[in-house]
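Source file entry.txt; content: compact mmCIF, C-alpha atoms.
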```txt
# COMPACT_ATOMS: atom_id res chain seq x y z
CA MET D 445 0.00 0.00 0.00
CA THR D 446 1.28 3.45 -0.86
CA PRO D 447 2.42 5.31 2.25
CA GLN D 448 0.64 8.53 3.06
CA PRO D 449 3.58 10.81 3.96
CA THR D 450 3.08 13.81 6.16
CA ALA D 451 4.67 17.02 4.93
CA PRO D 452 7.11 18.52 7.43
CA ALA D 453 6.33 22.08 8.43
CA MET D 454 9.34 23.46 6.59
CA GLY D 455 7.76 22.42 3.30
CA SER D 456 5.22 25.20 3.65
CA GLU D 457 7.87 27.90 3.09
CA THR D 458 7.47 29.81 -0.16
CA GLY D 459 10.18 28.83 -2.61
CA LEU D 460 11.27 26.14 -5.03
CA SER D 461 12.96 22.80 -4.39
CA ILE D 462 14.55 20.93 -7.30
CA VAL D 463 14.47 17.17 -6.64
CA ILE D 464 16.67 14.95 -8.83
CA PRO D 465 16.20 11.20 -8.28
CA SER D 466 19.42 9.47 -9.30
CA TRP D 467 20.88 5.99 -9.42
CA ASN D 468 24.50 5.55 -10.55
CA GLY D 469 24.07 8.86 -12.31
CA ARG D 470 27.34 10.64 -11.67
CA ALA D 471 28.26 10.77 -15.37
CA LEU D 472 24.82 12.09 -16.27
CA LEU D 473 24.93 14.67 -13.47
CA GLU D 474 28.31 15.89 -14.72
CA ARG D 475 26.65 16.66 -18.04
CA HIS D 476 23.23 17.96 -16.97
CA LEU D 477 23.47 19.30 -13.41
CA PRO D 478 25.30 22.54 -14.39
CA SER D 479 22.23 23.56 -16.42
CA VAL D 480 20.01 22.95 -13.39
CA VAL D 481 22.26 25.14 -11.25
CA ARG D 482 22.16 27.93 -13.85
CA ALA D 483 18.37 27.70 -14.04
CA VAL D 484 18.11 27.98 -10.25
CA GLU D 485 20.48 30.96 -10.21
CA ALA D 486 18.28 32.66 -12.82
CA PHE D 487 15.06 31.80 -10.98
CA GLU D 488 15.95 33.20 -7.56
CA PRO D 489 16.36 36.89 -8.50
CA ALA D 490 13.67 36.80 -11.20
CA GLY D 491 11.11 35.04 -9.02
CA GLY D 492 12.06 36.71 -5.77
CA GLN D 493 12.04 33.34 -4.00
CA PRO D 494 14.72 31.05 -2.58
CA ALA D 495 15.51 27.74 -4.21
CA GLU D 496 17.42 24.58 -3.40
CA ILE D 497 18.67 21.52 -5.28
CA ILE D 498 18.38 18.03 -3.80
CA VAL D 499 19.90 14.96 -5.41
CA GLU D 500 18.03 12.01 -3.92
CA ASP D 501 20.43 9.13 -4.54
CA ASP D 502 19.04 5.60 -4.83
CA ALA D 503 21.89 3.65 -3.24
CA SER D 504 24.40 4.32 -6.02
CA ASP D 505 27.82 2.70 -6.03
CA ASP D 506 29.51 5.28 -8.29
CA ASP D 507 30.50 7.72 -5.52
CA THR D 508 27.81 10.21 -6.55
CA CYS D 509 27.35 11.85 -3.15
CA ALA D 510 31.07 12.36 -2.47
CA TRP D 511 31.54 13.81 -5.96
CA LEU D 512 28.62 16.20 -5.46
CA ALA D 513 29.99 17.37 -2.11
CA SER D 514 33.29 18.35 -3.70
CA HIS D 515 31.96 19.88 -6.94
CA PHE D 516 28.52 21.31 -6.13
CA PRO D 517 28.46 22.67 -2.58
CA ARG D 518 24.99 24.19 -2.98
CA VAL D 519 23.50 20.78 -3.83
CA ARG D 520 22.08 18.75 -0.96
CA ALA D 521 22.71 15.05 -1.56
CA GLU D 522 20.81 12.35 0.30
CA SER D 523 21.50 8.65 -0.18
CA ALA D 524 19.41 5.57 0.54
CA THR D 525 20.94 2.39 1.92
CA ILE D 526 19.07 0.09 -0.49
CA GLN D 527 17.92 0.61 -4.06
CA THR D 528 14.16 1.16 -4.27
CA GLY D 529 13.37 2.59 -7.70
CA PHE D 530 12.06 5.88 -9.04
CA ALA D 531 8.78 6.35 -7.15
CA PRO D 532 10.13 5.78 -3.61
CA THR D 533 13.25 7.85 -4.38
CA ALA D 534 11.27 10.77 -5.79
CA ASN D 535 8.85 10.61 -2.84
CA ARG D 536 11.75 10.80 -0.38
CA GLY D 537 13.09 13.84 -2.17
CA VAL D 538 9.74 15.62 -2.09
CA ARG D 539 9.34 14.87 1.62
CA ALA D 540 12.83 16.27 2.26
CA ALA D 541 12.13 19.45 0.27
CA ARG D 542 12.05 22.74 2.18
CA TYR D 543 9.78 24.68 -0.13
CA SER D 544 6.18 24.74 -1.31
CA LEU D 545 6.93 24.05 -4.99
CA VAL D 546 8.91 21.02 -6.12
CA TYR D 547 10.35 20.45 -9.57
CA VAL D 548 11.08 16.75 -10.06
CA VAL D 549 13.63 16.29 -12.84
CA ASN D 550 15.58 13.30 -14.10
CA ASN D 551 19.36 13.26 -13.85
CA ASP D 552 19.52 13.04 -17.67
CA VAL D 553 17.66 16.31 -18.31
CA SER D 554 19.15 19.73 -19.09
CA LEU D 555 17.16 22.89 -18.39
CA ASP D 556 16.89 26.11 -20.32
CA PRO D 557 18.09 28.96 -18.04
CA ASP D 558 14.55 30.39 -18.08
CA ALA D 559 12.71 27.08 -17.64
CA LEU D 560 11.55 27.44 -14.04
CA LEU D 561 9.81 30.81 -13.75
CA PRO D 562 7.03 30.06 -16.30
CA LEU D 563 6.18 26.88 -14.38
CA ALA D 564 6.06 28.60 -11.00
CA ALA D 565 3.73 31.27 -12.43
CA HIS D 566 0.93 28.70 -12.71
CA PHE D 567 0.81 28.39 -8.94
CA LYS D 568 0.30 32.12 -8.41
CA GLU D 569 -3.20 32.18 -9.79
CA ARG D 570 -6.28 33.42 -7.99
CA THR D 571 -7.22 32.03 -4.57
CA GLY D 572 -8.81 28.61 -4.93
CA SER D 573 -6.56 27.56 -7.80
CA ARG D 574 -6.71 23.85 -8.47
CA VAL D 575 -3.26 23.45 -10.05
CA PHE D 576 -1.59 20.20 -9.05
CA ALA D 577 1.34 20.05 -11.47
CA VAL D 578 2.80 21.74 -14.56
CA ALA D 579 4.86 19.92 -17.18
CA SER D 580 7.73 21.37 -19.20
CA GLN D 581 8.11 21.15 -22.96
CA VAL D 582 10.64 18.40 -23.69
CA TYR D 583 13.13 18.20 -26.55
CA ASP D 584 15.39 15.30 -27.44
CA TYR D 585 18.86 16.06 -26.12
CA ASP D 586 20.65 14.45 -29.08
CA THR D 587 18.49 15.65 -31.98
CA GLY D 588 16.83 18.77 -30.57
CA LYS D 589 13.44 17.55 -31.82
CA LEU D 590 10.33 18.27 -29.76
CA SER D 591 9.23 15.02 -28.13
CA GLY D 592 7.15 15.87 -25.06
CA ALA D 593 4.41 18.48 -24.81
CA GLY D 594 0.71 18.41 -23.96
CA GLN D 595 -0.31 14.79 -23.44
CA LEU D 596 -3.62 13.69 -24.92
CA GLY D 597 -5.45 10.51 -23.99
CA GLU D 598 -8.20 8.28 -25.30
CA PHE D 599 -9.97 5.11 -24.18
CA ARG D 600 -10.01 2.72 -27.10
CA ARG D 601 -10.17 -1.06 -27.35
CA GLY D 602 -10.14 -1.46 -23.60
CA PHE D 603 -7.00 0.59 -22.93
CA ILE D 604 -6.03 4.18 -22.22
CA GLY D 605 -3.84 5.49 -25.02
CA ILE D 606 -1.28 8.09 -23.92
CA HIS D 607 0.98 8.54 -26.94
CA ARG D 608 -0.75 11.41 -28.77
CA ARG D 609 0.61 14.86 -27.99
CA TYR D 610 0.00 18.41 -29.04
CA PHE D 611 2.27 21.43 -28.87
CA VAL D 612 1.80 25.19 -28.99
CA GLU D 613 3.61 27.01 -31.78
CA ASN D 614 3.18 30.42 -30.16
CA PRO D 615 3.54 30.21 -26.35
CA GLY D 616 1.70 33.52 -26.05
CA ALA D 617 -1.43 32.26 -27.77
CA GLU D 618 -4.48 32.43 -25.48
CA SER D 619 -2.10 33.24 -22.64
CA ASN D 620 -5.06 34.07 -20.41
CA ARG D 621 -5.91 30.37 -20.12
CA PRO D 622 -3.43 27.59 -19.27
CA TRP D 623 -2.89 24.59 -21.50
CA LEU D 624 -3.96 21.25 -20.07
CA THR D 625 -2.24 17.86 -20.24
CA LEU D 626 -3.38 14.40 -19.22
CA PHE D 627 -0.30 13.85 -17.12
CA ALA D 628 2.81 15.57 -15.85
CA THR D 629 5.89 13.57 -16.68
CA GLY D 630 7.83 12.45 -13.61
CA GLY D 631 11.12 13.61 -15.10
CA SER D 632 10.42 17.29 -15.81
CA SER D 633 7.39 18.66 -13.95
CA MET D 634 6.67 21.05 -11.09
CA PHE D 635 4.29 20.03 -8.30
CA ASP D 636 2.43 21.67 -5.48
CA ARG D 637 4.29 19.90 -2.68
CA ARG D 638 1.42 19.90 -0.19
CA ARG D 639 -1.02 18.41 -2.67
CA PHE D 640 1.57 15.90 -3.89
CA LEU D 641 2.03 14.59 -0.36
CA GLU D 642 -1.67 14.72 0.50
CA LEU D 643 -2.34 12.40 -2.46
CA GLY D 644 0.41 10.06 -1.27
CA GLY D 645 2.94 10.89 -3.98
CA PHE D 646 3.93 8.42 -6.68
CA ASP D 647 2.53 4.94 -6.09
CA GLU D 648 5.54 2.99 -4.81
CA SER D 649 4.17 -0.35 -5.99
CA PHE D 650 5.04 0.88 -9.50
CA ALA D 651 8.77 0.69 -8.69
CA PRO D 652 11.27 0.46 -10.22
CA PHE D 653 9.79 2.65 -13.02
CA GLY D 654 6.98 3.30 -15.44
CA TRP D 655 3.45 4.78 -15.45
CA GLU D 656 3.73 6.19 -11.92
CA ASP D 657 3.45 9.74 -13.29
CA VAL D 658 0.37 8.87 -15.37
CA GLU D 659 -1.32 7.21 -12.40
CA LEU D 660 -0.61 10.10 -10.01
CA SER D 661 -1.88 12.64 -12.53
CA LEU D 662 -5.09 10.67 -13.04
CA ARG D 663 -5.53 10.58 -9.27
CA ALA D 664 -5.13 14.36 -9.17
CA TRP D 665 -7.55 14.98 -12.04
CA LYS D 666 -10.19 12.78 -10.43
CA ARG D 667 -9.86 14.74 -7.19
CA GLY D 668 -10.73 17.91 -9.09
CA PHE D 669 -7.21 19.29 -9.55
CA GLU D 670 -5.68 20.36 -12.86
CA VAL D 671 -2.47 19.34 -14.62
CA HIS D 672 -1.02 21.98 -16.94
CA TYR D 673 1.47 22.04 -19.80
CA GLU D 674 3.78 25.05 -20.13
CA PRO D 675 5.23 25.55 -23.65
CA GLY D 676 7.45 28.36 -22.34
CA SER D 677 9.51 25.98 -20.19
CA ALA D 678 12.05 24.15 -22.35
CA VAL D 679 14.14 21.15 -21.27
CA TRP D 680 16.26 18.57 -23.13
CA HIS D 681 16.03 14.88 -22.21
CA GLN D 682 18.80 12.40 -23.00
CA PHE D 683 16.38 9.51 -23.54
CA SER D 684 17.12 5.92 -22.50
CA SER D 685 20.33 6.91 -20.73
CA THR D 686 19.30 5.52 -17.33
CA ILE D 687 17.05 2.50 -17.87
CA LYS D 688 18.35 1.06 -21.14
CA PRO D 689 21.94 0.35 -20.00
CA ALA D 690 20.84 -1.28 -16.74
CA TYR D 691 17.92 -3.54 -17.73
CA SER D 692 17.06 -5.95 -20.52
CA ARG D 693 14.44 -4.93 -23.05
CA ARG D 694 12.15 -7.79 -21.99
CA TYR D 695 12.34 -6.79 -18.33
CA VAL D 696 11.53 -3.16 -19.15
CA ARG D 697 8.55 -4.22 -21.27
CA THR D 698 7.29 -6.49 -18.50
CA ILE D 699 7.43 -3.76 -15.86
CA TYR D 700 5.80 -1.18 -18.12
CA GLU D 701 2.99 -3.60 -19.04
CA ARG D 702 2.48 -4.51 -15.38
CA ASN D 703 2.24 -0.88 -14.33
CA ARG D 704 0.02 -0.05 -17.28
CA LEU D 705 -2.42 -2.70 -16.07
CA LEU D 706 -2.27 -1.43 -12.49
CA ALA D 707 -3.07 2.10 -13.64
CA HIS D 708 -6.06 0.80 -15.59
CA TRP D 709 -7.36 -1.32 -12.77
CA GLY D 710 -7.15 1.66 -10.44
CA HIS D 711 -8.86 4.20 -12.70
CA LEU D 712 -11.44 2.58 -14.96
CA ASP D 713 -14.77 3.76 -13.57
CA THR D 714 -17.70 2.14 -15.31
CA HIS D 715 -18.73 -1.48 -15.82
CA THR D 716 -18.56 -0.87 -19.57
CA GLU D 717 -14.93 0.34 -19.36
CA LYS D 718 -13.94 -2.60 -17.18
CA ALA D 719 -15.68 -5.15 -19.38
CA SER D 720 -14.05 -3.71 -22.51
CA HIS D 721 -10.67 -3.81 -20.81
CA ALA D 722 -11.14 -7.45 -19.75
CA VAL D 723 -12.12 -8.53 -23.28
CA PHE D 724 -9.25 -6.76 -25.02
CA LEU D 725 -6.71 -7.84 -22.39
CA GLY D 726 -7.76 -11.44 -23.04
CA LEU D 727 -7.35 -10.91 -26.77
CA ARG D 728 -3.92 -9.37 -26.28
CA LEU D 729 -2.83 -12.29 -24.12
CA LEU D 730 -3.91 -14.74 -26.83
CA ALA D 731 -2.25 -12.69 -29.57
CA SER D 732 1.00 -12.57 -27.59
CA LEU D 733 1.36 -16.33 -28.02
CA PHE D 734 1.84 -15.72 -31.73
CA ASN D 735 3.54 -12.32 -31.97
CA GLY D 736 6.34 -12.96 -29.46
CA ARG D 737 5.24 -10.32 -26.89
CA TRP D 738 5.28 -12.90 -24.09
CA GLU D 739 6.12 -10.33 -21.44
CA LEU D 740 2.39 -9.57 -21.14
CA TRP D 741 1.90 -12.89 -19.32
CA PRO D 742 4.36 -12.30 -16.44
CA ALA D 743 3.24 -8.66 -16.36
CA SER D 744 -0.37 -9.74 -15.86
CA ALA D 745 0.63 -12.25 -13.20
CA GLN D 746 2.61 -9.64 -11.28
CA ALA D 747 -0.21 -7.11 -11.54
CA PHE D 748 -2.69 -9.69 -10.29
CA GLN D 749 -0.49 -10.32 -7.24
CA LEU D 750 -0.54 -6.58 -6.48
CA ARG D 751 -4.30 -6.24 -6.95
CA ARG D 752 -5.19 -6.35 -3.25
CA GLY D 753 -3.14 -3.29 -2.35
CA LEU D 754 -4.49 -1.58 -5.46
CA ARG D 755 -8.07 -2.33 -4.40
CA ASP D 756 -7.41 -0.91 -0.94
CA ARG D 757 -5.95 2.29 -2.39
CA ARG D 758 -8.87 2.58 -4.79
CA GLU D 759 -11.38 2.34 -1.94
CA GLU D 760 -9.49 4.93 0.10
CA SER D 761 -9.43 7.49 -2.71
CA ALA D 762 -12.90 6.86 -4.19
CA ASP D 763 -14.74 9.05 -1.68
CA GLY D 764 -12.71 12.11 -2.65
CA GLU D 765 -13.10 11.67 -6.41
CA ARG D 766 -15.14 14.35 -8.17
CA VAL D 767 -14.28 13.75 -11.84
CA THR D 768 -14.44 10.59 -13.95
CA LEU D 769 -11.80 9.23 -16.31
CA ARG D 770 -14.04 9.97 -19.30
CA GLN D 771 -14.55 13.58 -18.22
CA THR D 772 -10.80 14.01 -17.83
CA LEU D 773 -10.00 12.54 -21.25
CA ASP D 774 -12.66 14.68 -22.93
CA ARG D 775 -11.54 17.87 -21.22
CA VAL D 776 -7.89 17.44 -22.20
CA ALA D 777 -8.85 16.39 -25.74
CA GLY D 778 -10.57 19.76 -26.14
CA GLU D 779 -7.18 21.51 -26.03
CA LEU D 780 -6.41 20.34 -29.56
CA GLY D 781 -9.25 22.53 -30.84
CA ARG D 782 -7.83 25.74 -29.37
CA PRO D 783 -6.05 28.26 -31.63
CA GLY D 784 -2.29 27.68 -31.53
CA ALA D 785 -2.45 23.96 -30.72
CA THR D 786 -0.91 21.54 -33.22
CA LEU D 787 -0.87 17.75 -33.12
CA LEU D 788 2.71 16.60 -32.66
CA ASP D 789 4.07 14.51 -35.51
CA LYS D 790 7.52 13.01 -34.97
CA ALA D 791 8.44 13.40 -38.61
CA SER D 792 7.69 17.14 -38.67
CA ALA D 793 8.36 18.02 -35.03
CA PRO D 794 10.02 21.41 -34.52
CA THR D 795 13.65 21.48 -33.45
CA ARG D 796 15.37 23.57 -30.81
CA ARG D 797 18.90 23.19 -29.57
CA SER D 798 19.70 23.41 -25.88
CA GLY D 799 20.58 26.79 -24.47
CA GLY D 800 21.23 25.38 -21.00
```
Would it be possible to restate this file's structure as structure tokens?
Amino acid sequence: MTPQPTAPAMGSETGLSIVIPSWNGRALLERHLPSVVRAVEAFEPAGGQPAEIIVEDDASDDDTCAWLASHFPRVRAESATIQTGFAPTANRGVRAARYSLVYVVNNDVSLDPDALLPLAAHFKERTGSRVFAVASQVYDYDTGKLSGAGQLGEFRRGFIGIHRRYFVENPGAESNRPWLTLFATGGSSMFDRRRFLELGGFDESFAPFGWEDVELSLRAWKRGFEVHYEPGSAVWHQFSSTIKPAYSRRYVRTIYERNRLLAHWGHLDTHTEKASHAVFLGLRLLASLFNGRWELWPASAQAFQLRRGLRDRREESADGERVTLRQTLDRVAGELGRPGATLLDKASAPTRRSGG
């Protein structure tokens, strides 16, 4: 069962905490951390708020913490004694944060110097604002191509599709109204720390990685919060630099399929949605016997073993839910019809080189 952490009092202070979950990431931090430091140094005078950087180390054996202490004195490094995966590591970092806003960023992400202030501005809206998180606009570190923007979703053939995205060509278009996204990516998004902790943070049963950011965002949407996308906040992600070298492709697929199922089982609302999911899951299991995607079988078995904790969490959160999955999908899908929004096509995606 996901722990329900209590936010320490210091987390109510106005300011920004950067939390970087990291495992054996010294080489990646050498490349990307300087851009994070520059972004923080630009944010503090422009935003008139203090900021801190926390590297939450997941029991690395590459001397990350000692290296940070000698090269980045303003960075606070905390290390676990055993490796636990992304969700527990990120949750520890958010709990340790001093300030009311928390930007969770992967160790393989570089920030534009001006990336942070546009995100923080979303949390300064009128009293009663329902903002839970704001996601940055993500470019591929190697190619400069736009790869992550506003996430769209659809329920089709028994599953939630999350791979359609839209982007905003002119960040100033309809600036009076924020852009919405289905989920805030766990590697480059800013969160309201209090709300993050009140919802229990990332579900730790999703460890070591995958779908925890989608699931948390769905939980937030269904509680009546909003998840925004900020096209004026640019970051560059060095994709597959953490997971790919450490795990086999089959293992990664198994974990992602397992967590995908858990997210569905926790958020499908109606009998029709659940029945459709059951039918198409059965068809996918049968098809996997012939197409070689056998990882769906162990993924389903692992998800089934975790179902009891999932059911308990579902019952705990159901009373506070105000919005359905369908309402969330429809609301975010409406963003594509706004002036300035363009469906993202990989072949014709705009390119921007890192300035961080």
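Residue nearest Met634 in chain D, chosen from D:Gly676, D:Pro622, D:Gly778, D:Pro562 and counting all atoms listed in the file: D:Pro562.
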Using only C-alpha atoms, which protein or nucleic acid residues come within 10 Å of Leu725 in chain D? Drop anything in the same chain fewer than 2 positions from it, and give the result as a PyMOL selection string. chain D and resi 601-603+705+719-723+727-731+740+744
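Going from CA of Ser544 in chain D to CA of Leu460 in chain D covers 6.5 Å.
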Near-range 586-597 of chain D list (8 Å; all atoms listed in the file; drop same-chain fewer than 5 positions) as an MDAnalysis selection string: chainID D and resid 579:581 604:611 623:627 673 675 680 682 773 776:777 790 793:798
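Coordinates place CA of Arg667 in chain D at a distance of 27.7 Å from CA of Gln746 in chain D.
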Report as JSON lines the residues of range 511-621 of chain D within 12 Å of range 492-498 of chain D, each with its shortest atom pair and distance in Å (one decimal), using only C-alpha atoms, ordered by chain and increasing residue number.
```
{"residue": "D:Leu512", "atom": "CA", "partner": "D:Ile498", "partner_atom": "CA", "distance": 10.5}
{"residue": "D:Ala513", "atom": "CA", "partner": "D:Ile498", "partner_atom": "CA", "distance": 11.8}
{"residue": "D:Phe516", "atom": "CA", "partner": "D:Ile497", "partner_atom": "CA", "distance": 9.9}
{"residue": "D:Pro517", "atom": "CA", "partner": "D:Ile497", "partner_atom": "CA", "distance": 10.2}
{"residue": "D:Arg518", "atom": "CA", "partner": "D:Ile497", "partner_atom": "CA", "distance": 7.2}
{"residue": "D:Val519", "atom": "CA", "partner": "D:Ile497", "partner_atom": "CA", "distance": 5.1}
{"residue": "D:Arg520", "atom": "CA", "partner": "D:Ile498", "partner_atom": "CA", "distance": 4.7}
{"residue": "D:Ala521", "atom": "CA", "partner": "D:Ile498", "partner_atom": "CA", "distance": 5.7}
{"residue": "D:Glu522", "atom": "CA", "partner": "D:Ile498", "partner_atom": "CA", "distance": 7.4}
{"residue": "D:Ser523", "atom": "CA", "partner": "D:Ile498", "partner_atom": "CA", "distance": 10.5}
{"residue": "D:Thr533", "atom": "CA", "partner": "D:Ile498", "partner_atom": "CA", "distance": 11.4}
{"residue": "D:Ala534", "atom": "CA", "partner": "D:Ile498", "partner_atom": "CA", "distance": 10.4}
{"residue": "D:Arg536", "atom": "CA", "partner": "D:Ile498", "partner_atom": "CA", "distance": 10.4}
{"residue": "D:Gly537", "atom": "CA", "partner": "D:Ile498", "partner_atom": "CA", "distance": 6.9}
{"residue": "D:Val538", "atom": "CA", "partner": "D:Ile498", "partner_atom": "CA", "distance": 9.1}
{"residue": "D:Arg539", "atom": "CA", "partner": "D:Ile498", "partner_atom": "CA", "distance": 11.0}
{"residue": "D:Ala540", "atom": "CA", "partner": "D:Ile498", "partner_atom": "CA", "distance": 8.4}
{"residue": "D:Ala541", "atom": "CA", "partner": "D:Ile498", "partner_atom": "CA", "distance": 7.6}
{"residue": "D:Arg542", "atom": "CA", "partner": "D:Glu496", "partner_atom": "CA", "distance": 8.0}
{"residue": "D:Tyr543", "atom": "CA", "partner": "D:Ala495", "partner_atom": "CA", "distance": 7.7}
{"residue": "D:Ser544", "atom": "CA", "partner": "D:Ala495", "partner_atom": "CA", "distance": 10.2}
{"residue": "D:Leu545", "atom": "CA", "partner": "D:Ala495", "partner_atom": "CA", "distance": 9.4}
{"residue": "D:Val546", "atom": "CA", "partner": "D:Ala495", "partner_atom": "CA", "distance": 9.6}
{"residue": "D:Tyr547", "atom": "CA", "partner": "D:Ile497", "partner_atom": "CA", "distance": 9.4}
{"residue": "D:Val548", "atom": "CA", "partner": "D:Ile498", "partner_atom": "CA", "distance": 9.7}
{"residue": "D:Val549", "atom": "CA", "partner": "D:Ile498", "partner_atom": "CA", "distance": 10.4}
{"residue": "D:Asn550", "atom": "CA", "partner": "D:Ile498", "partner_atom": "CA", "distance": 11.7}
{"residue": "D:Asn551", "atom": "CA", "partner": "D:Ile498", "partner_atom": "CA", "distance": 11.2}
{"residue": "D:Leu560", "atom": "CA", "partner": "D:Ala495", "partner_atom": "CA", "distance": 10.6}
{"residue": "D:Leu561", "atom": "CA", "partner": "D:Gly492", "partner_atom": "CA", "distance": 10.2}
{"residue": "D:Ala564", "atom": "CA", "partner": "D:Gln493", "partner_atom": "CA", "distance": 10.4}
{"residue": "D:Ala565", "atom": "CA", "partner": "D:Gly492", "partner_atom": "CA", "distance": 12.0}
```
Keeping C-alpha atoms for every residue in the selection just given, could you write it to a file as a compact mmCIF listing (two decimals), in the coordinates of the input?
```
# COMPACT_ATOMS: atom_id res chain seq x y z
CA LEU D 512 28.62 16.20 -5.46
CA ALA D 513 29.99 17.37 -2.11
CA PHE D 516 28.52 21.31 -6.13
CA PRO D 517 28.46 22.67 -2.58
CA ARG D 518 24.99 24.19 -2.98
CA VAL D 519 23.50 20.78 -3.83
CA ARG D 520 22.08 18.75 -0.96
CA ALA D 521 22.71 15.05 -1.56
CA GLU D 522 20.81 12.35 0.30
CA SER D 523 21.50 8.65 -0.18
CA THR D 533 13.25 7.85 -4.38
CA ALA D 534 11.27 10.77 -5.79
CA ARG D 536 11.75 10.80 -0.38
CA GLY D 537 13.09 13.84 -2.17
CA VAL D 538 9.74 15.62 -2.09
CA ARG D 539 9.34 14.87 1.62
CA ALA D 540 12.83 16.27 2.26
CA ALA D 541 12.13 19.45 0.27
CA ARG D 542 12.05 22.74 2.18
CA TYR D 543 9.78 24.68 -0.13
CA SER D 544 6.18 24.74 -1.31
CA LEU D 545 6.93 24.05 -4.99
CA VAL D 546 8.91 21.02 -6.12
CA TYR D 547 10.35 20.45 -9.57
CA VAL D 548 11.08 16.75 -10.06
CA VAL D 549 13.63 16.29 -12.84
CA ASN D 550 15.58 13.30 -14.10
CA ASN D 551 19.36 13.26 -13.85
CA LEU D 560 11.55 27.44 -14.04
CA LEU D 561 9.81 30.81 -13.75
CA ALA D 564 6.06 28.60 -11.00
CA ALA D 565 3.73 31.27 -12.43
```
Just to confirm, what's the straight-line distance from CA of Ser692 in chain D to CA of Arg737 in chain D in Å (one decimal)? 14.1 Å
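Residue nearest Ser461 in chain D within the list D:Asp505, D:Asp636, D:Glu598, D:Glu613: D:Asp636 [criterion: smallest interatomic distance, only C-alpha atoms].
By all atoms listed in the file, and with residues fewer than 2 positions from Arg755 in chain D along its chain excluded, the set lying at most 12 Å from it is Met445, Thr446, Leu706, Ala707, His708, Trp709, Gly710, His711, Ala747, Phe748, Gln749, Leu750, Arg751, Arg752, Gly753, Arg757, Arg758, Glu759, Glu760, Ser761 and Ala762 of chain D.
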Can you work out which one of D:Ile526, D:Asp756, D:Gly630, D:Phe635 has the shortest atom-to-atom distance to Glu659 in chain D, counting only C-alpha atoms? D:Gly630
Selection near Asp713 in chain D, 7 Å with only C-alpha atoms, sequence-local residues under 4 positions removed, as a ChimeraX atom specification: /D:717,768-769
Which residue of D:Tyr700, D:Phe576, D:Phe599, D:Phe487 approaches Leu660 in chain D most closely, using all atoms listed in the file: D:Phe576
Please list as a PyMOL selection string every residue within 9 Å of Thr508 in chain D, counting only C-alpha atoms and excluding residues in the same chain fewer than 5 positions away. chain D and resi 466-471+473+501+513+521
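Between Ala577 in chain D and the candidates D:Thr629, D:Ser514, D:Ser684, D:Ser649, the tightest atom-to-atom separation, counting all atoms listed in the file, involves D:Thr629.
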